[in-house]
$ cat final-v3.txt   # compact mmCIF, N, CA and C atoms
# COMPACT_ATOMS: atom_id res chain seq x y z
N MET A 1 -10.21 -7.00 -8.08
CA MET A 1 -9.19 -7.18 -9.10
C MET A 1 -7.82 -6.83 -8.52
N SER A 2 -6.86 -7.64 -8.82
CA SER A 2 -5.52 -7.45 -8.29
C SER A 2 -4.78 -6.35 -9.05
N GLY A 3 -3.91 -5.65 -8.34
CA GLY A 3 -3.10 -4.64 -8.98
C GLY A 3 -1.80 -5.20 -9.51
N SER A 4 -1.60 -6.51 -9.41
CA SER A 4 -0.32 -7.10 -9.80
C SER A 4 -0.33 -7.50 -11.26
N ASP A 5 0.87 -7.70 -11.80
CA ASP A 5 1.04 -8.07 -13.19
C ASP A 5 1.34 -9.56 -13.36
N THR A 6 1.41 -10.30 -12.28
CA THR A 6 1.82 -11.69 -12.37
C THR A 6 0.62 -12.61 -12.39
N MET A 7 0.87 -13.86 -12.75
CA MET A 7 -0.19 -14.84 -12.86
C MET A 7 -0.65 -15.33 -11.49
N SER A 8 0.20 -15.30 -10.48
CA SER A 8 -0.14 -15.92 -9.21
C SER A 8 0.19 -14.98 -8.05
N ASP A 9 -0.78 -14.84 -7.15
CA ASP A 9 -0.59 -14.10 -5.91
C ASP A 9 -0.87 -15.06 -4.76
N THR A 10 -0.25 -14.81 -3.62
CA THR A 10 -0.46 -15.64 -2.44
C THR A 10 -0.94 -14.74 -1.31
N TRP A 11 -1.94 -15.23 -0.55
CA TRP A 11 -2.46 -14.49 0.59
C TRP A 11 -1.53 -14.64 1.80
N HIS A 12 -1.33 -13.53 2.51
CA HIS A 12 -0.48 -13.50 3.70
C HIS A 12 -1.22 -12.77 4.82
N ALA A 13 -1.23 -13.37 6.01
CA ALA A 13 -1.83 -12.72 7.18
C ALA A 13 -0.95 -11.54 7.58
N VAL A 14 -1.60 -10.41 7.90
CA VAL A 14 -0.87 -9.21 8.29
C VAL A 14 -1.06 -8.92 9.78
N LEU A 15 -2.32 -8.82 10.20
CA LEU A 15 -2.61 -8.39 11.57
C LEU A 15 -4.10 -8.62 11.84
N ALA A 16 -4.45 -8.87 13.09
CA ALA A 16 -5.86 -8.94 13.46
C ALA A 16 -6.48 -7.56 13.26
N GLU A 17 -7.67 -7.53 12.71
CA GLU A 17 -8.33 -6.26 12.43
C GLU A 17 -8.48 -5.41 13.69
N VAL A 18 -8.75 -6.04 14.84
CA VAL A 18 -8.92 -5.29 16.09
C VAL A 18 -7.62 -4.65 16.58
N ASP A 19 -6.48 -5.12 16.09
CA ASP A 19 -5.19 -4.58 16.51
C ASP A 19 -4.65 -3.52 15.55
N PHE A 20 -5.43 -3.14 14.54
CA PHE A 20 -4.94 -2.17 13.56
C PHE A 20 -4.69 -0.83 14.25
N PRO A 21 -3.55 -0.18 13.93
CA PRO A 21 -3.19 1.09 14.60
C PRO A 21 -4.24 2.19 14.41
N GLU A 22 -4.41 2.97 15.46
CA GLU A 22 -5.36 4.10 15.44
C GLU A 22 -5.04 5.12 14.34
N GLU A 23 -3.76 5.28 14.02
CA GLU A 23 -3.37 6.29 13.03
C GLU A 23 -3.82 5.95 11.61
N GLY A 24 -4.33 4.74 11.39
CA GLY A 24 -4.92 4.40 10.10
C GLY A 24 -3.97 3.86 9.06
N LYS A 25 -2.77 3.44 9.46
CA LYS A 25 -1.83 2.88 8.49
C LYS A 25 -0.90 1.90 9.17
N LEU A 26 -0.43 0.95 8.38
CA LEU A 26 0.50 -0.05 8.90
C LEU A 26 1.42 -0.47 7.76
N ALA A 27 2.72 -0.35 7.98
CA ALA A 27 3.70 -0.81 6.99
C ALA A 27 4.09 -2.24 7.32
N ALA A 28 4.19 -3.06 6.29
CA ALA A 28 4.57 -4.46 6.48
C ALA A 28 5.47 -4.90 5.34
N ARG A 29 6.38 -5.81 5.64
CA ARG A 29 7.22 -6.43 4.61
C ARG A 29 6.64 -7.82 4.40
N ILE A 30 6.15 -8.07 3.21
CA ILE A 30 5.49 -9.34 2.90
C ILE A 30 6.14 -9.95 1.67
N ALA A 31 6.81 -11.07 1.85
CA ALA A 31 7.44 -11.81 0.74
C ALA A 31 8.30 -10.89 -0.13
N GLY A 32 9.04 -9.99 0.53
CA GLY A 32 9.93 -9.07 -0.19
C GLY A 32 9.28 -7.77 -0.62
N TRP A 33 7.97 -7.67 -0.54
CA TRP A 33 7.24 -6.46 -0.94
C TRP A 33 7.08 -5.53 0.25
N SER A 34 7.21 -4.23 0.02
CA SER A 34 6.88 -3.23 1.03
C SER A 34 5.42 -2.86 0.82
N VAL A 35 4.61 -3.23 1.79
CA VAL A 35 3.16 -3.05 1.67
C VAL A 35 2.68 -2.04 2.71
N LEU A 36 1.82 -1.14 2.29
CA LEU A 36 1.20 -0.18 3.18
C LEU A 36 -0.29 -0.50 3.24
N VAL A 37 -0.76 -0.89 4.42
CA VAL A 37 -2.19 -1.13 4.63
C VAL A 37 -2.77 0.15 5.23
N VAL A 38 -3.82 0.65 4.61
CA VAL A 38 -4.42 1.92 5.02
C VAL A 38 -5.89 1.68 5.37
N ARG A 39 -6.33 2.31 6.46
CA ARG A 39 -7.76 2.27 6.80
C ARG A 39 -8.31 3.68 6.68
N THR A 40 -9.35 3.83 5.87
CA THR A 40 -10.05 5.10 5.74
C THR A 40 -11.52 4.86 6.08
N GLU A 41 -12.32 5.89 5.97
CA GLU A 41 -13.74 5.74 6.23
C GLU A 41 -14.40 4.76 5.24
N ASP A 42 -13.74 4.48 4.12
CA ASP A 42 -14.26 3.53 3.13
C ASP A 42 -13.80 2.10 3.36
N GLY A 43 -12.93 1.88 4.33
CA GLY A 43 -12.45 0.53 4.62
C GLY A 43 -10.94 0.43 4.47
N PHE A 44 -10.47 -0.80 4.29
CA PHE A 44 -9.04 -1.08 4.20
C PHE A 44 -8.58 -1.17 2.75
N SER A 45 -7.34 -0.77 2.51
CA SER A 45 -6.69 -0.90 1.21
C SER A 45 -5.24 -1.30 1.43
N ALA A 46 -4.66 -1.98 0.45
CA ALA A 46 -3.24 -2.34 0.51
C ALA A 46 -2.56 -1.82 -0.74
N LEU A 47 -1.47 -1.11 -0.54
CA LEU A 47 -0.75 -0.44 -1.63
C LEU A 47 0.74 -0.74 -1.53
N ASN A 48 1.43 -0.60 -2.65
CA ASN A 48 2.89 -0.68 -2.61
C ASN A 48 3.38 0.54 -1.84
N ASP A 49 4.20 0.33 -0.83
CA ASP A 49 4.70 1.40 0.03
C ASP A 49 5.87 2.10 -0.66
N ARG A 50 5.57 2.71 -1.80
CA ARG A 50 6.60 3.36 -2.62
C ARG A 50 5.95 4.45 -3.45
N CYS A 51 6.33 5.69 -3.19
CA CYS A 51 5.82 6.79 -4.00
C CYS A 51 6.35 6.65 -5.42
N THR A 52 5.49 6.84 -6.39
CA THR A 52 5.90 6.70 -7.79
C THR A 52 6.68 7.92 -8.29
N HIS A 53 6.83 8.93 -7.47
CA HIS A 53 7.59 10.11 -7.87
C HIS A 53 9.08 9.95 -7.57
N GLN A 54 9.43 9.77 -6.30
CA GLN A 54 10.84 9.68 -5.91
C GLN A 54 11.17 8.39 -5.15
N ALA A 55 10.26 7.42 -5.20
CA ALA A 55 10.47 6.09 -4.60
C ALA A 55 10.58 6.12 -3.08
N ALA A 56 10.07 7.17 -2.45
CA ALA A 56 10.09 7.26 -0.98
C ALA A 56 9.05 6.34 -0.37
N LEU A 57 9.28 5.92 0.86
CA LEU A 57 8.28 5.16 1.60
C LEU A 57 7.08 6.05 1.91
N LEU A 58 5.90 5.61 1.51
CA LEU A 58 4.69 6.37 1.80
C LEU A 58 4.24 6.21 3.24
N SER A 59 4.70 5.17 3.90
CA SER A 59 4.26 4.89 5.26
C SER A 59 4.62 6.01 6.24
N GLY A 60 5.53 6.89 5.88
CA GLY A 60 5.85 8.04 6.72
C GLY A 60 4.90 9.20 6.52
N GLY A 61 3.99 9.07 5.56
CA GLY A 61 3.04 10.14 5.25
C GLY A 61 1.77 10.07 6.08
N LYS A 62 0.92 11.06 5.88
CA LYS A 62 -0.33 11.15 6.62
C LYS A 62 -1.49 10.57 5.81
N VAL A 63 -2.41 9.94 6.53
CA VAL A 63 -3.65 9.47 5.94
C VAL A 63 -4.70 10.52 6.27
N ARG A 64 -5.31 11.06 5.22
CA ARG A 64 -6.30 12.12 5.43
C ARG A 64 -7.31 12.10 4.30
N ARG A 65 -8.59 12.12 4.67
CA ARG A 65 -9.69 12.19 3.70
C ARG A 65 -9.56 11.15 2.59
N GLY A 66 -9.26 9.93 2.95
CA GLY A 66 -9.21 8.84 1.98
C GLY A 66 -7.96 8.80 1.13
N THR A 67 -6.94 9.59 1.52
CA THR A 67 -5.70 9.62 0.75
C THR A 67 -4.50 9.37 1.66
N ILE A 68 -3.40 9.00 1.03
CA ILE A 68 -2.10 8.92 1.70
C ILE A 68 -1.20 9.95 1.04
N MET A 69 -0.49 10.73 1.84
CA MET A 69 0.37 11.78 1.31
C MET A 69 1.83 11.39 1.45
N CYS A 70 2.59 11.53 0.38
CA CYS A 70 4.01 11.25 0.41
C CYS A 70 4.71 12.26 1.32
N PRO A 71 5.52 11.80 2.27
CA PRO A 71 6.20 12.72 3.18
C PRO A 71 7.33 13.50 2.51
N LEU A 72 7.77 13.06 1.34
CA LEU A 72 8.89 13.70 0.67
C LEU A 72 8.48 14.95 -0.10
N HIS A 73 7.50 14.83 -0.98
CA HIS A 73 7.11 15.96 -1.82
C HIS A 73 5.61 16.27 -1.79
N GLY A 74 4.84 15.55 -0.97
CA GLY A 74 3.43 15.87 -0.82
C GLY A 74 2.51 15.29 -1.87
N ALA A 75 2.98 14.40 -2.73
CA ALA A 75 2.09 13.77 -3.70
C ALA A 75 1.01 13.02 -2.92
N ARG A 76 -0.23 13.07 -3.41
CA ARG A 76 -1.34 12.40 -2.73
C ARG A 76 -1.90 11.30 -3.62
N PHE A 77 -2.25 10.19 -2.97
CA PHE A 77 -2.79 9.03 -3.67
C PHE A 77 -4.06 8.57 -2.97
N GLU A 78 -5.09 8.24 -3.76
CA GLU A 78 -6.31 7.70 -3.19
C GLU A 78 -6.01 6.33 -2.61
N ALA A 79 -6.38 6.12 -1.37
CA ALA A 79 -6.09 4.85 -0.71
C ALA A 79 -6.85 3.69 -1.37
N ALA A 80 -8.07 3.92 -1.79
CA ALA A 80 -8.90 2.84 -2.34
C ALA A 80 -8.45 2.37 -3.71
N THR A 81 -7.87 3.28 -4.50
CA THR A 81 -7.53 2.94 -5.89
C THR A 81 -6.05 3.04 -6.21
N GLY A 82 -5.28 3.78 -5.41
CA GLY A 82 -3.88 4.04 -5.72
C GLY A 82 -3.69 5.18 -6.71
N HIS A 83 -4.79 5.78 -7.16
CA HIS A 83 -4.74 6.85 -8.16
C HIS A 83 -4.08 8.11 -7.57
N CYS A 84 -3.15 8.68 -8.32
CA CYS A 84 -2.48 9.92 -7.90
C CYS A 84 -3.41 11.10 -8.15
N ILE A 85 -3.59 11.92 -7.12
CA ILE A 85 -4.38 13.14 -7.27
C ILE A 85 -3.51 14.32 -6.88
N GLY A 86 -3.72 15.43 -7.50
CA GLY A 86 -2.94 16.62 -7.18
C GLY A 86 -1.50 16.53 -7.66
N GLY A 87 -1.24 15.74 -8.67
CA GLY A 87 0.10 15.60 -9.22
C GLY A 87 0.05 14.75 -10.48
N ALA A 88 1.12 14.77 -11.22
CA ALA A 88 1.15 14.03 -12.50
C ALA A 88 2.01 12.78 -12.39
N TYR A 89 1.91 12.08 -11.28
CA TYR A 89 2.72 10.88 -11.07
C TYR A 89 1.91 9.63 -11.37
N ALA A 90 2.61 8.55 -11.61
CA ALA A 90 1.94 7.28 -11.89
C ALA A 90 1.16 6.82 -10.66
N ASP A 91 0.12 6.03 -10.90
CA ASP A 91 -0.67 5.46 -9.81
C ASP A 91 0.15 4.41 -9.07
N LEU A 92 -0.26 4.14 -7.84
CA LEU A 92 0.39 3.12 -7.01
C LEU A 92 -0.13 1.73 -7.38
N ARG A 93 0.72 0.74 -7.20
CA ARG A 93 0.28 -0.65 -7.34
C ARG A 93 -0.60 -0.97 -6.14
N ARG A 94 -1.74 -1.58 -6.43
CA ARG A 94 -2.63 -2.04 -5.37
C ARG A 94 -2.48 -3.54 -5.19
N PHE A 95 -2.74 -4.00 -4.00
CA PHE A 95 -2.77 -5.43 -3.70
C PHE A 95 -4.16 -5.78 -3.20
N ASP A 96 -4.61 -6.97 -3.52
CA ASP A 96 -5.90 -7.43 -2.99
C ASP A 96 -5.79 -7.58 -1.49
N LEU A 97 -6.89 -7.26 -0.81
CA LEU A 97 -6.95 -7.34 0.64
C LEU A 97 -8.29 -7.97 1.01
N ARG A 98 -8.27 -8.81 2.03
CA ARG A 98 -9.50 -9.39 2.55
C ARG A 98 -9.37 -9.53 4.06
N ILE A 99 -10.51 -9.66 4.71
CA ILE A 99 -10.51 -9.94 6.14
C ILE A 99 -11.13 -11.32 6.30
N ALA A 100 -10.34 -12.24 6.83
CA ALA A 100 -10.76 -13.62 7.01
C ALA A 100 -10.67 -13.98 8.49
N SER A 101 -11.79 -14.32 9.09
CA SER A 101 -11.84 -14.68 10.52
C SER A 101 -11.21 -13.59 11.39
N GLY A 102 -11.44 -12.32 11.03
CA GLY A 102 -10.94 -11.21 11.82
C GLY A 102 -9.49 -10.83 11.57
N VAL A 103 -8.85 -11.48 10.59
CA VAL A 103 -7.44 -11.20 10.28
C VAL A 103 -7.34 -10.53 8.91
N ILE A 104 -6.60 -9.44 8.86
CA ILE A 104 -6.35 -8.75 7.60
C ILE A 104 -5.33 -9.57 6.82
N GLU A 105 -5.67 -9.91 5.58
CA GLU A 105 -4.77 -10.66 4.70
C GLU A 105 -4.57 -9.88 3.42
N VAL A 106 -3.35 -9.93 2.90
CA VAL A 106 -3.00 -9.24 1.67
C VAL A 106 -2.38 -10.25 0.71
N ALA A 107 -2.76 -10.14 -0.56
CA ALA A 107 -2.20 -11.01 -1.60
C ALA A 107 -1.13 -10.23 -2.36
N VAL A 108 0.09 -10.73 -2.35
CA VAL A 108 1.18 -10.11 -3.11
C VAL A 108 1.66 -11.10 -4.16
N PRO A 109 2.29 -10.59 -5.22
CA PRO A 109 2.81 -11.49 -6.26
C PRO A 109 3.81 -12.49 -5.67
N ASP A 110 3.83 -13.66 -6.27
CA ASP A 110 4.76 -14.70 -5.83
C ASP A 110 6.19 -14.40 -6.24
N VAL A 111 6.39 -13.44 -7.14
CA VAL A 111 7.74 -13.04 -7.53
C VAL A 111 8.11 -11.78 -6.76
N PRO A 112 9.37 -11.62 -6.37
CA PRO A 112 9.77 -10.43 -5.61
C PRO A 112 9.68 -9.17 -6.47
N PRO A 113 9.59 -8.01 -5.83
CA PRO A 113 9.50 -6.76 -6.59
C PRO A 113 10.80 -6.46 -7.33
N GLY A 114 10.65 -5.86 -8.49
CA GLY A 114 11.81 -5.40 -9.25
C GLY A 114 12.29 -4.07 -8.70
N PRO A 115 13.41 -3.58 -9.21
CA PRO A 115 13.96 -2.32 -8.70
C PRO A 115 13.01 -1.14 -8.84
N HIS A 116 12.16 -1.15 -9.86
CA HIS A 116 11.22 -0.05 -10.07
C HIS A 116 10.02 -0.12 -9.13
N GLU A 117 9.94 -1.15 -8.28
CA GLU A 117 8.83 -1.26 -7.34
C GLU A 117 9.30 -1.30 -5.88
N ARG A 118 10.59 -1.21 -5.67
CA ARG A 118 11.11 -1.17 -4.30
C ARG A 118 11.33 0.27 -3.88
N PRO A 119 11.00 0.61 -2.63
CA PRO A 119 11.24 1.98 -2.16
C PRO A 119 12.71 2.20 -1.87
N VAL A 120 13.09 3.46 -1.88
CA VAL A 120 14.41 3.87 -1.43
C VAL A 120 14.28 4.06 0.08
N GLU A 121 14.94 3.23 0.84
CA GLU A 121 14.81 3.31 2.30
C GLU A 121 15.99 4.09 2.86
N VAL A 122 15.64 5.10 3.64
CA VAL A 122 16.68 5.96 4.22
C VAL A 122 16.83 5.70 5.69

$ encode --input "final-v3.txt" --output "structure tokens"
Amino acid sequence: MSGSDTMSDTWHAVLAEVDFPEEGKLAARIAGWSVLVVRTEDGFSALNDRCTHQAALLSGGKVRRGTIMCPLHGARFEAATGHCIGGAYADLRRFDLRIASGVIEVAVPDVPPGPHERPVEV
């Protein structure tokens, strides 16, 4: 199930699965969206690269025990679901992810993100 609110999403190639970084995360800009692809022991997930607390880029945080931690204030989010744990912040938007012929692909909405879904980039 897609985490998007729009009627149409489009699949975009991100990276060959064999080339995924050892650190377990990859930030990508896809059709205007800031996407964070995370690999945990449970597999790959794609999330909006924006903390729901202070709009910081999550890609600067650490991936640990199936979670991504915000580098700004330490909010933690489950990589598989986007659910916030250890804090009272909204969940992250998830994007559908698939591996097709060895390539990681992510589906993002065909409409660009609104201001409430774009990270504050410093």

$ residues_around --input "final-v3.txt" --residues "stretch 51-64 of chain A" --least-positions-apart "4" --cutoff "9 Å" --atoms "only C-alpha atoms" --output "NGL selection string"
:A and (23-27 or 34-40 or 68-75 or 77 or 79 or 84 or 88-92 or 116-122)

$ atom_distance --input "final-v3.txt" --atom1 "atom N of A:Asp110" --atom2 "atom N of A:Asp96"
11.1 Å

$ atom_distance --input "final-v3.txt" --atom1 "atom CA of A:Gly32" --atom2 "atom CA of A:Pro109"
9.7 Å

$ atom_distance --input "final-v3.txt" --atom1 "atom CA of A:Pro21" --atom2 "atom CA of A:Ala46"
14.5 Å

$ closest_residue --input "final-v3.txt" --among "A:Asn48, A:Gly102, A:Trp33, A:Pro112" --to "A:Leu15" --atoms "all atoms listed in the file"
A:Gly102

$ closest_residue --input "final-v3.txt" --among "A:Arg29, A:Ser8, A:Ala16, A:Arg50" --to "A:Glu105" --atoms "all atoms listed in the file"
A:Ala16

$ closest_residue --input "final-v3.txt" --among "A:Asp49, A:Gly66, A:Val18, A:His83" --to "A:Pro113" --atoms "only C-alpha atoms"
A:Asp49

$ closest_residue --input "final-v3.txt" --among "A:Val106, A:Val111, A:Trp11, A:Leu47" --to "A:Thr81" --atoms "only N, CA and C atoms"
A:Leu47

$ closest_residue --input "final-v3.txt" --among "A:Glu17, A:Glu22, A:Glu41, A:Asp9" --to "A:Phe95" --atoms "only C-alpha atoms"
A:Asp9

$ select_by_dssp --input "final-v3.txt" --residues "stretch 69-118 of chain A" --states "strand (DSSP E)" --output "list in words"
Met69, Arg76, Phe77, Glu78, Cys84, Ile85, Arg94, Phe95, Asp96, Leu97, Arg98, Ile99, Ala100, Val103, Ile104, Glu105, Val106, Ala107, Val108 and Pro109 of chain A

$ closest_residue --input "final-v3.txt" --among "A:Asp42, A:Ile30, A:Ile104, A:Arg94" --to "A:Gly82" --atoms "only N, CA and C atoms"
A:Arg94

$ select_by_dssp --input "final-v3.txt" --residues "chain A" --states "helix (DSSP H, G or I)" --output "ChimeraX atom specification"
/A:17-19,58-60,115-117
